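Okay, so here's the structure we're looking at.
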Amino acid sequence: MAQAIVVGGGLAGVSAANTVLECGGKVVLVDKSAFCGGNSTKATSGINGAGTKTQKSKSIPDNADIFVADTLKGGAKKPELAKVLCINSAADVDWLVDKFDLDLSLVARLGGHSQPRTHRGKERFPGMTITYALIQMLEKVAEKTNRARIITKAEVVKLLQSGHNVVGCEYRKAGKVVKEYGPMILASGGFGADFGSDSLLATYRPDLLHLPTTNGEHCTGDAIKMGKPLG
């Protein structure tokens, strides 16, 4: 059975890894930090979804079209991406509740939203609760089967190609370079803490370089830098 390779262990990455497993595949998740979670664990508001089962149970008249309109009004520059985010949002929130037994029964209306659609449970840090639930599910599969592996302290440094196709990656761990082969899912986040010599922040938002950030030091746009030269 071929494996998929996920780069990044935040909520996007562990969601992708669990989805691969759910579909019957094998997965290896690679993260350069000492532990998974990323910025997702810092989220304190909740997760947005329009048309969820929870909203319907509370008679909240929300849907994907309203969410799209709110997102575009809030400044989204790419309508096609906004539609993907909003149209999939209900299924995404319901998946977290149904598959991971998460409590997302509290719904609030936050800034920029015309309807209550930010879901959370009673925990103080919903981002941490949600992300850790998915990490723990992945860890259970990794412990009990050969269908999942989690590799931390491993920095992906190169995407491997065969012709024009990306077929895997190289990562550095403990001074060694290791190659993994399989379809790639890049979920390593943005570049809010990218202050290095090849800084994406300096390239695209030099006006922000002097400001501190709440982003973790891992947010250096690695996947963007590797993917950009490939088109």
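All residue names refer to the structure tokens as shown: chains lettered A, B, ... in order, residues numbered from 1 in each chain, ligands numbered from 1 in order.
Contact shell of Ile151 (chain A) at 7 Å (only C-alpha atoms; same-chain neighbours under 6 positions omitted): Leu29, Val30 and Asp31 of chain A.
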If we count only C-alpha atoms, what is near Leu104 (chain A) at a cut-off of 12 Å, once residues fewer than 5 positions away on the same chain are taken out, given as a tab-separated table (two decimals) with all heavy atoms, in the first residue's frame?
chain	number	residue	atom	x	y	z
A	45	SER	N	-10.92	30.87	20.21
A	45	SER	CA	-12.33	31.21	19.91
A	45	SER	C	-13.16	30.00	19.53
A	45	SER	O	-14.27	29.81	20.03
A	45	SER	CB	-12.39	32.25	18.79
A	45	SER	OG	-11.76	33.45	19.18
A	46	GLY	N	-12.64	29.17	18.63
A	46	GLY	CA	-13.39	28.02	18.15
A	46	GLY	C	-13.18	27.84	16.67
A	46	GLY	O	-12.25	28.38	16.08
A	47	ILE	N	-14.08	27.09	16.04
A	47	ILE	CA	-13.97	26.81	14.62
A	47	ILE	C	-15.29	27.17	13.94
A	47	ILE	O	-16.37	26.86	14.43
A	47	ILE	CB	-13.59	25.33	14.37
A	47	ILE	CG1	-13.33	25.07	12.88
A	47	ILE	CG2	-14.62	24.37	14.94
A	47	ILE	CD1	-12.63	23.75	12.62
A	48	ASN	N	-15.19	27.85	12.80
A	48	ASN	CA	-16.38	28.37	12.12
A	48	ASN	C	-16.98	27.35	11.16
A	48	ASN	O	-16.26	26.68	10.42
A	48	ASN	CB	-16.02	29.64	11.35
A	48	ASN	CG	-15.54	30.75	12.27
A	48	ASN	OD1	-16.13	30.99	13.31
A	48	ASN	ND2	-14.46	31.41	11.89
A	49	GLY	N	-18.28	27.27	11.18
A	49	GLY	CA	-19.00	26.40	10.25
A	49	GLY	C	-20.40	26.94	10.02
A	49	GLY	O	-21.05	27.42	10.94
A	52	THR	N	-24.19	23.78	10.10
A	52	THR	CA	-23.82	22.57	10.85
A	52	THR	C	-25.04	21.96	11.55
A	52	THR	O	-26.07	22.60	11.73
A	52	THR	CB	-22.76	22.89	11.91
A	52	THR	OG1	-23.34	23.78	12.89
A	52	THR	CG2	-21.54	23.57	11.28
A	53	LYS	N	-24.86	20.72	11.99
A	53	LYS	CA	-25.92	20.04	12.76
A	53	LYS	C	-26.21	20.81	14.04
A	53	LYS	O	-27.37	20.92	14.46
A	53	LYS	CB	-25.49	18.61	13.08
A	53	LYS	CG	-25.35	17.71	11.86
A	53	LYS	CD	-24.85	16.33	12.27
A	53	LYS	CE	-24.63	15.43	11.07
A	53	LYS	NZ	-24.08	14.10	11.47
A	54	THR	N	-25.16	21.32	14.66
A	54	THR	CA	-25.34	22.08	15.91
A	54	THR	C	-26.16	23.33	15.67
A	54	THR	O	-27.07	23.66	16.45
A	54	THR	CB	-23.97	22.45	16.51
A	54	THR	OG1	-23.23	21.26	16.77
A	54	THR	CG2	-24.14	23.22	17.81
A	55	GLN	N	-25.85	24.06	14.62
A	55	GLN	CA	-26.62	25.26	14.31
A	55	GLN	C	-28.09	24.91	14.04
A	55	GLN	O	-29.00	25.60	14.51
A	55	GLN	CB	-26.05	25.97	13.08
A	55	GLN	CG	-24.76	26.73	13.33
A	55	GLN	CD	-24.25	27.37	12.05
A	55	GLN	OE1	-24.14	26.71	11.02
A	55	GLN	NE2	-23.96	28.66	12.11
A	92	ASP	N	-17.04	19.87	7.69
A	92	ASP	CA	-15.80	19.79	8.47
A	92	ASP	C	-16.08	19.78	9.97
A	92	ASP	O	-15.53	18.97	10.72
A	92	ASP	CB	-14.89	20.98	8.12
A	92	ASP	CG	-14.36	20.91	6.70
A	92	ASP	OD1	-14.40	19.81	6.11
A	92	ASP	OD2	-13.91	21.94	6.19
A	93	VAL	N	-16.95	20.69	10.42
A	93	VAL	CA	-17.29	20.76	11.85
A	93	VAL	C	-18.03	19.49	12.28
A	93	VAL	O	-17.73	18.90	13.33
A	93	VAL	CB	-18.13	22.01	12.15
A	93	VAL	CG1	-18.64	21.97	13.60
A	93	VAL	CG2	-17.31	23.27	11.92
A	94	ASP	N	-18.97	19.04	11.45
A	94	ASP	CA	-19.71	17.81	11.78
A	94	ASP	C	-18.77	16.61	11.84
A	94	ASP	O	-18.96	15.71	12.68
A	94	ASP	CB	-20.81	17.57	10.74
A	94	ASP	CG	-21.93	18.61	10.81
A	94	ASP	OD1	-22.03	19.30	11.84
A	94	ASP	OD2	-22.70	18.72	9.83
A	95	TRP	N	-17.77	16.57	10.98
A	95	TRP	CA	-16.78	15.49	10.98
A	95	TRP	C	-16.02	15.45	12.30
A	95	TRP	O	-15.81	14.37	12.87
A	95	TRP	CB	-15.82	15.69	9.81
A	95	TRP	CG	-14.71	14.70	9.67
A	95	TRP	CD1	-14.82	13.39	9.30
A	95	TRP	CD2	-13.30	14.94	9.84
A	95	TRP	NE1	-13.58	12.80	9.24
A	95	TRP	CE2	-12.63	13.73	9.57
A	95	TRP	CE3	-12.56	16.07	10.20
A	95	TRP	CZ2	-11.24	13.62	9.65
A	95	TRP	CZ3	-11.18	15.95	10.27
A	95	TRP	CH2	-10.53	14.76	10.01
A	96	LEU	N	-15.63	16.60	12.79
A	96	LEU	CA	-14.91	16.66	14.07
A	96	LEU	C	-15.77	16.12	15.21
A	96	LEU	O	-15.29	15.39	16.08
A	96	LEU	CB	-14.50	18.10	14.37
A	96	LEU	CG	-13.43	18.71	13.47
A	96	LEU	CD1	-13.26	20.20	13.77
A	96	LEU	CD2	-12.09	17.99	13.63
A	97	VAL	N	-17.05	16.46	15.18
A	97	VAL	CA	-17.97	15.99	16.23
A	97	VAL	C	-18.22	14.50	16.10
A	97	VAL	O	-18.14	13.74	17.07
A	97	VAL	CB	-19.29	16.78	16.16
A	97	VAL	CG1	-20.31	16.20	17.15
A	97	VAL	CG2	-19.07	18.26	16.45
A	98	ASP	N	-18.53	14.05	14.89
A	98	ASP	CA	-18.94	12.66	14.68
A	98	ASP	C	-17.78	11.66	14.78
A	98	ASP	O	-17.93	10.58	15.36
A	98	ASP	CB	-19.59	12.52	13.29
A	98	ASP	CG	-20.89	13.30	13.17
A	98	ASP	OD1	-21.47	13.64	14.22
A	98	ASP	OD2	-21.31	13.58	12.03
A	117	ARG	N	-21.72	31.31	14.34
A	117	ARG	CA	-21.19	30.13	13.65
A	117	ARG	C	-19.82	29.68	14.18
A	117	ARG	O	-19.20	28.77	13.60
A	117	ARG	CB	-21.11	30.39	12.15
A	117	ARG	CG	-20.14	31.46	11.68
A	117	ARG	CD	-19.93	31.44	10.17
A	117	ARG	NE	-21.12	31.81	9.45
A	117	ARG	CZ	-21.33	33.01	8.88
A	117	ARG	NH1	-20.41	33.95	8.96
A	117	ARG	NH2	-22.45	33.25	8.24
A	118	THR	N	-19.35	30.28	15.25
A	118	THR	CA	-18.07	29.85	15.83
A	118	THR	C	-18.34	28.79	16.90
A	118	THR	O	-18.94	29.08	17.93
A	118	THR	CB	-17.31	31.05	16.42
A	118	THR	OG1	-17.14	32.04	15.41
A	118	THR	CG2	-15.94	30.60	16.93
A	119	HIS	N	-17.91	27.56	16.61
A	119	HIS	CA	-18.22	26.41	17.45
A	119	HIS	C	-17.09	26.10	18.42
A	119	HIS	O	-15.91	26.14	18.06
A	119	HIS	CB	-18.45	25.17	16.57
A	119	HIS	CG	-19.62	25.28	15.65
A	119	HIS	ND1	-19.67	26.19	14.61
A	119	HIS	CD2	-20.78	24.58	15.60
A	119	HIS	CE1	-20.82	26.05	13.95
A	119	HIS	NE2	-21.50	25.07	14.53
A	120	ARG	N	-17.47	25.73	19.62
A	120	ARG	CA	-16.50	25.32	20.62
A	120	ARG	C	-17.23	24.49	21.68
A	120	ARG	O	-18.47	24.39	21.68
A	120	ARG	CB	-15.84	26.52	21.28
A	120	ARG	CG	-16.80	27.43	22.04
A	120	ARG	CD	-16.08	28.55	22.75
A	120	ARG	NE	-15.20	28.02	23.79
A	120	ARG	CZ	-14.14	28.67	24.27
A	120	ARG	NH1	-13.84	29.87	23.79
A	120	ARG	NH2	-13.41	28.16	25.23
A	121	GLY	N	-16.44	23.91	22.58
A	121	GLY	CA	-17.01	23.23	23.73
A	121	GLY	C	-16.80	24.06	24.98
A	121	GLY	O	-16.58	25.27	24.89
A	122	LYS	N	-16.83	23.42	26.10
A	122	LYS	CA	-16.70	24.15	27.37
A	122	LYS	C	-15.24	24.39	27.77
A	122	LYS	O	-14.96	25.11	28.71
A	122	LYS	CB	-17.43	23.39	28.47
A	122	LYS	CG	-18.93	23.26	28.23
A	122	LYS	CD	-19.60	22.45	29.33
A	122	LYS	CE	-21.11	22.39	29.11
A	122	LYS	NZ	-21.48	21.68	27.87
A	123	GLU	N	-14.31	23.76	27.05
A	123	GLU	CA	-12.90	23.92	27.38
A	123	GLU	C	-12.43	25.35	27.11
A	123	GLU	O	-12.96	26.04	26.25
A	123	GLU	CB	-12.03	22.94	26.56
A	123	GLU	CG	-12.29	21.47	26.87
A	123	GLU	CD	-13.49	20.94	26.10
A	123	GLU	OE1	-14.10	21.71	25.33
A	123	GLU	OE2	-13.82	19.76	26.30
A	126	PRO	N	-10.24	25.85	22.85
A	126	PRO	CA	-10.81	24.90	21.89
A	126	PRO	C	-9.83	24.45	20.80
A	126	PRO	O	-9.89	23.31	20.36
A	126	PRO	CB	-11.99	25.68	21.29
A	126	PRO	CG	-11.70	27.12	21.57
A	126	PRO	CD	-10.96	27.13	22.87
A	127	GLY	N	-8.94	25.34	20.39
A	127	GLY	CA	-7.96	24.94	19.37
A	127	GLY	C	-7.10	23.79	19.84
A	127	GLY	O	-6.83	22.84	19.11
A	129	THR	N	-7.89	21.64	22.25
A	129	THR	CA	-8.75	20.46	22.44
A	129	THR	C	-8.99	19.74	21.12
A	129	THR	O	-8.87	18.52	21.03
A	129	THR	CB	-10.09	20.88	23.06
A	129	THR	OG1	-9.85	21.53	24.30
A	129	THR	CG2	-10.98	19.68	23.29
A	130	ILE	N	-9.35	20.51	20.09
A	130	ILE	CA	-9.64	19.92	18.78
A	130	ILE	C	-8.39	19.28	18.18
A	130	ILE	O	-8.41	18.13	17.73
A	130	ILE	CB	-10.20	21.00	17.83
A	130	ILE	CG1	-11.57	21.49	18.32
A	130	ILE	CG2	-10.31	20.46	16.40
A	130	ILE	CD1	-12.06	22.74	17.62
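Once region 1-18 of chain A and its same-chain neighbours fewer than 3 positions away are set aside, A:Leu21, A:Lys26, A:Val27, A:Val28, A:Leu29, A:Val30, A:Asp31, A:Cys36, A:Gly37, A:Gly38, A:Ser40, A:Thr131, A:Gly182, A:Pro183, A:Met184, A:Ile185, A:Leu186, A:Ala187, A:Ser188 remain within 6 Å of it when counting only C-alpha atoms.
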- Task: Name all residues at most 12 Å from Ser162 (chain A) (count only C-alpha atoms; drop same-chain ones fewer than 5 positions away) and give them as JSON, numbers by chain.
- Result: {"A": [167, 168, 169, 181, 182, 183, 230]}
Please, could you write that set of residues out with N, CA, C and O atoms as a PDB file, in the first residue's frame?
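Now in out.pdb:
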ATOM      1  N   VAL A 167       7.110  13.489  -6.240  1.00  0.00           N
ATOM      2  CA  VAL A 167       6.936  12.078  -5.860  1.00  0.00           C
ATOM      3  C   VAL A 167       7.378  11.800  -4.425  1.00  0.00           C
ATOM      4  O   VAL A 167       7.350  10.652  -3.977  1.00  0.00           O
ATOM      5  N   GLY A 168       7.805  12.837  -3.705  1.00  0.00           N
ATOM      6  CA  GLY A 168       8.244  12.619  -2.335  1.00  0.00           C
ATOM      7  C   GLY A 168       9.023  13.802  -1.813  1.00  0.00           C
ATOM      8  O   GLY A 168       8.952  14.906  -2.371  1.00  0.00           O
ATOM      9  N   CYS A 169       9.780  13.574  -0.753  1.00  0.00           N
ATOM     10  CA  CYS A 169      10.525  14.674  -0.149  1.00  0.00           C
ATOM     11  C   CYS A 169      11.783  14.164   0.553  1.00  0.00           C
ATOM     12  O   CYS A 169      11.937  12.964   0.797  1.00  0.00           O
ATOM     13  N   TYR A 181       8.867   8.610  -0.051  1.00  0.00           N
ATOM     14  CA  TYR A 181       8.205   8.675  -1.349  1.00  0.00           C
ATOM     15  C   TYR A 181       6.699   8.484  -1.198  1.00  0.00           C
ATOM     16  O   TYR A 181       6.238   7.654  -0.410  1.00  0.00           O
ATOM     17  N   GLY A 182       5.952   9.267  -1.965  1.00  0.00           N
ATOM     18  CA  GLY A 182       4.502   9.188  -1.957  1.00  0.00           C
ATOM     19  C   GLY A 182       3.910  10.542  -2.297  1.00  0.00           C
ATOM     20  O   GLY A 182       4.624  11.544  -2.372  1.00  0.00           O
ATOM     21  N   PRO A 183       2.592  10.593  -2.508  1.00  0.00           N
ATOM     22  CA  PRO A 183       1.926  11.882  -2.755  1.00  0.00           C
ATOM     23  C   PRO A 183       2.137  12.818  -1.569  1.00  0.00           C
ATOM     24  O   PRO A 183       2.098  12.388  -0.421  1.00  0.00           O
ATOM     25  N   LEU A 230       8.550  25.241  -8.291  1.00  0.00           N
ATOM     26  CA  LEU A 230       7.996  24.142  -9.097  1.00  0.00           C
ATOM     27  C   LEU A 230       6.775  24.587  -9.897  1.00  0.00           C
ATOM     28  O   LEU A 230       6.257  23.836 -10.707  1.00  0.00           O
TER      29      LEU A 230
END
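Among the candidates A:Ala148, A:Phe191, A:Cys219, A:Lys56, the one nearest to Gly25 (chain A) when counting only C-alpha atoms is A:Ala148.
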Can you list, as a CSV table (one decimal) with N, CA, C and O atoms, in the first residue's frame, all residues belonging to region 31-224 of chain A that DSSP tags as strand (DSSP E or B)?
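The resulting file, out14.csv, is reproduced below:
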chain,number,residue,atom,x,y,z
A,47,ILE,N,-14.1,27.1,16.0
A,47,ILE,CA,-14.0,26.8,14.6
A,47,ILE,C,-15.3,27.2,13.9
A,47,ILE,O,-16.4,26.9,14.4
A,48,ASN,N,-15.2,27.8,12.8
A,48,ASN,CA,-16.4,28.4,12.1
A,48,ASN,C,-17.0,27.4,11.2
A,48,ASN,O,-16.3,26.7,10.4
A,106,LEU,N,-21.3,24.7,21.8
A,106,LEU,CA,-21.5,26.1,22.0
A,106,LEU,C,-21.3,26.9,20.7
A,106,LEU,O,-20.2,26.7,20.1
A,107,VAL,N,-22.2,27.7,20.4
A,107,VAL,CA,-22.0,28.5,19.1
A,107,VAL,C,-22.2,30.0,19.4
A,107,VAL,O,-23.1,30.4,20.1
A,108,ALA,N,-21.2,30.8,18.9
A,108,ALA,CA,-21.2,32.2,19.2
A,108,ALA,C,-21.1,33.0,17.9
A,108,ALA,O,-20.5,32.5,16.9
A,118,THR,N,-19.3,30.3,15.3
A,118,THR,CA,-18.1,29.9,15.8
A,118,THR,C,-18.3,28.8,16.9
A,118,THR,O,-18.9,29.1,17.9
A,119,HIS,N,-17.9,27.6,16.6
A,119,HIS,CA,-18.2,26.4,17.4
A,119,HIS,C,-17.1,26.1,18.4
A,119,HIS,O,-15.9,26.1,18.1
A,120,ARG,N,-17.5,25.7,19.6
A,120,ARG,CA,-16.5,25.3,20.6
A,120,ARG,C,-17.2,24.5,21.7
A,120,ARG,O,-18.5,24.4,21.7
A,148,ALA,N,0.4,4.3,10.0
A,148,ALA,CA,0.7,5.7,10.3
A,148,ALA,C,2.0,5.8,11.0
A,148,ALA,O,2.4,5.0,11.8
A,149,ARG,N,2.8,6.8,10.6
A,149,ARG,CA,4.0,7.2,11.3
A,149,ARG,C,4.0,8.7,11.6
A,149,ARG,O,3.5,9.5,10.7
A,150,ILE,N,4.5,9.1,12.7
A,150,ILE,CA,4.7,10.5,13.1
A,150,ILE,C,6.2,10.8,13.3
A,150,ILE,O,6.8,10.1,14.2
A,151,ILE,N,6.7,11.7,12.5
A,151,ILE,CA,8.2,11.9,12.6
A,151,ILE,C,8.3,13.4,13.0
A,151,ILE,O,8.0,14.3,12.2
A,155,GLU,N,12.9,18.3,9.5
A,155,GLU,CA,12.7,19.5,8.7
A,155,GLU,C,12.7,19.1,7.2
A,155,GLU,O,13.8,18.6,6.7
A,156,VAL,N,11.6,19.2,6.5
A,156,VAL,CA,11.6,18.9,5.1
A,156,VAL,C,12.3,20.0,4.3
A,156,VAL,O,12.0,21.2,4.5
A,157,VAL,N,13.3,19.6,3.5
A,157,VAL,CA,14.2,20.6,2.9
A,157,VAL,C,14.1,20.5,1.4
A,157,VAL,O,14.6,21.4,0.7
A,158,LYS,N,13.4,19.5,0.8
A,158,LYS,CA,13.4,19.4,-0.6
A,158,LYS,C,12.2,18.5,-1.1
A,158,LYS,O,11.9,17.5,-0.4
A,159,LEU,N,11.6,18.9,-2.2
A,159,LEU,CA,10.6,18.1,-2.8
A,159,LEU,C,11.2,17.3,-3.9
A,159,LEU,O,11.9,17.9,-4.7
A,160,LEU,N,11.0,16.0,-4.0
A,160,LEU,CA,11.6,15.2,-5.0
A,160,LEU,C,10.6,15.1,-6.2
A,160,LEU,O,9.4,14.9,-6.0
A,161,GLN,N,11.2,15.1,-7.4
A,161,GLN,CA,10.5,15.1,-8.6
A,161,GLN,C,10.9,13.9,-9.5
A,161,GLN,O,12.0,13.5,-9.5
A,162,SER,N,9.9,13.5,-10.3
A,162,SER,CA,10.1,12.6,-11.4
A,162,SER,C,9.5,13.3,-12.6
A,162,SER,O,8.3,13.3,-12.7
A,165,ASN,N,6.4,15.8,-12.0
A,165,ASN,CA,5.6,15.3,-10.9
A,165,ASN,C,6.4,15.3,-9.6
A,165,ASN,O,7.6,14.9,-9.5
A,166,VAL,N,5.8,15.7,-8.5
A,166,VAL,CA,6.4,15.6,-7.2
A,166,VAL,C,6.1,14.2,-6.6
A,166,VAL,O,4.9,13.8,-6.6
A,167,VAL,N,7.1,13.5,-6.2
A,167,VAL,CA,6.9,12.1,-5.9
A,167,VAL,C,7.4,11.8,-4.4
A,167,VAL,O,7.4,10.7,-4.0
A,168,GLY,N,7.8,12.8,-3.7
A,168,GLY,CA,8.2,12.6,-2.3
A,168,GLY,C,9.0,13.8,-1.8
A,168,GLY,O,9.0,14.9,-2.4
A,169,CYS,N,9.8,13.6,-0.8
A,169,CYS,CA,10.5,14.7,-0.1
A,169,CYS,C,11.8,14.2,0.6
A,169,CYS,O,11.9,13.0,0.8
A,170,GLU,N,12.7,15.1,0.8
A,170,GLU,CA,13.8,14.9,1.7
A,170,GLU,C,13.7,15.7,3.0
A,170,GLU,O,13.2,16.8,2.9
A,171,TYR,N,14.0,15.0,4.1
A,171,TYR,CA,14.0,15.8,5.4
A,171,TYR,C,15.3,15.5,6.1
A,171,TYR,O,15.9,14.5,6.0
A,172,ARG,N,15.6,16.4,7.0
A,172,ARG,CA,16.8,16.3,7.9
A,172,ARG,C,16.3,16.0,9.3
A,172,ARG,O,15.4,16.7,9.8
A,173,LYS,N,16.9,15.0,9.9
A,173,LYS,CA,16.6,14.7,11.3
A,173,LYS,C,17.9,14.1,11.9
A,173,LYS,O,18.5,13.2,11.4
A,176,LYS,N,20.9,13.6,9.8
A,176,LYS,CA,20.8,12.7,8.6
A,176,LYS,C,19.8,13.2,7.7
A,176,LYS,O,18.8,13.8,8.1
A,177,VAL,N,20.0,12.9,6.4
A,177,VAL,CA,19.0,13.2,5.4
A,177,VAL,C,18.3,11.9,5.0
A,177,VAL,O,18.9,10.9,4.7
A,178,VAL,N,16.9,12.0,5.0
A,178,VAL,CA,16.1,10.8,4.8
A,178,VAL,C,15.1,11.2,3.7
A,178,VAL,O,14.6,12.3,3.6
A,179,LYS,N,14.9,10.2,2.8
A,179,LYS,CA,13.9,10.4,1.7
A,179,LYS,C,12.7,9.6,2.0
A,179,LYS,O,12.7,8.4,2.4
A,180,GLU,N,11.5,10.2,1.7
A,180,GLU,CA,10.2,9.5,1.7
A,180,GLU,C,9.6,9.7,0.4
A,180,GLU,O,9.6,10.7,-0.2
A,181,TYR,N,8.9,8.6,-0.1
A,181,TYR,CA,8.2,8.7,-1.3
A,181,TYR,C,6.7,8.5,-1.2
A,181,TYR,O,6.2,7.7,-0.4
A,184,MET,N,2.3,14.1,-1.9
A,184,MET,CA,2.7,15.1,-0.8
A,184,MET,C,1.4,16.0,-0.5
A,184,MET,O,0.7,16.4,-1.4
A,185,ILE,N,1.2,16.2,0.8
A,185,ILE,CA,0.2,17.2,1.3
A,185,ILE,C,1.0,18.2,2.1
A,185,ILE,O,1.6,17.8,3.2
A,186,LEU,N,1.1,19.4,1.6
A,186,LEU,CA,1.8,20.5,2.3
A,186,LEU,C,0.9,21.3,3.2
A,186,LEU,O,0.0,21.9,2.7
- Query: How many Å separate CA of Asn63 (chain A) from CA of Gly51 (chain A)?
  - Reply: 4.7 Å
- Message: Quick one: residues within 6 Å of Lys153 (chain A), only C-alpha atoms, excluding same-chain residues fewer than 6 positions away - as a list in words?
- Response: Lys32, Ser33 and Ala34 of chain A
Print the selection's residues with N, CA, C and O atoms to a file, as a PDB file, in the first residue's frame.
ATOM      1  N   LYS A  32       8.731  19.648  11.804  1.00  0.00           N
ATOM      2  CA  LYS A  32      10.077  20.033  12.216  1.00  0.00           C
ATOM      3  C   LYS A  32      10.177  20.384  13.696  1.00  0.00           C
ATOM      4  O   LYS A  32      11.272  20.482  14.249  1.00  0.00           O
ATOM      5  N   SER A  33       9.020  20.584  14.343  1.00  0.00           N
ATOM      6  CA  SER A  33       9.030  20.891  15.774  1.00  0.00           C
ATOM      7  C   SER A  33       9.191  19.611  16.592  1.00  0.00           C
ATOM      8  O   SER A  33       9.093  18.501  16.075  1.00  0.00           O
ATOM      9  N   ALA A  34       9.381  19.787  17.896  1.00  0.00           N
ATOM     10  CA  ALA A  34       9.556  18.630  18.775  1.00  0.00           C
ATOM     11  C   ALA A  34       8.237  17.913  19.034  1.00  0.00           C
ATOM     12  O   ALA A  34       8.231  16.763  19.476  1.00  0.00           O
TER      13      ALA A  34
END
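Here CA of Cys86 (chain A) and CA of Lys42 (chain A) stand 21.9 Å from one another.
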Can you list, as an mmCIF file with N, CA, C and O atoms, in the first residue's frame, every protein, DNA or RNA residue that comes within 8 Å of region 77-82 of chain A when you count only C-alpha atoms, leaving out same-chain residues fewer than 5 positions away?
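So the final result, stored in around-v3.cif, reads:
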data_model
loop_
_atom_site.group_PDB
_atom_site.id
_atom_site.type_symbol
_atom_site.label_atom_id
_atom_site.label_comp_id
_atom_site.auth_asym_id
_atom_site.auth_seq_id
_atom_site.Cartn_x
_atom_site.Cartn_y
_atom_site.Cartn_z
ATOM 1 N N VAL A 68 -20.019 32.824 2.826
ATOM 2 C CA VAL A 68 -19.201 33.343 1.724
ATOM 3 C C VAL A 68 -19.319 34.862 1.643
ATOM 4 O O VAL A 68 -18.313 35.577 1.518
ATOM 5 N N THR A 71 -17.395 36.472 4.375
ATOM 6 C CA THR A 71 -15.947 36.327 4.179
ATOM 7 C C THR A 71 -15.431 37.321 3.142
ATOM 8 O O THR A 71 -14.378 37.952 3.328
ATOM 9 N N LEU A 72 -16.182 37.486 2.069
ATOM 10 C CA LEU A 72 -15.784 38.452 1.036
ATOM 11 C C LEU A 72 -15.912 39.881 1.549
ATOM 12 O O LEU A 72 -15.056 40.730 1.272
#
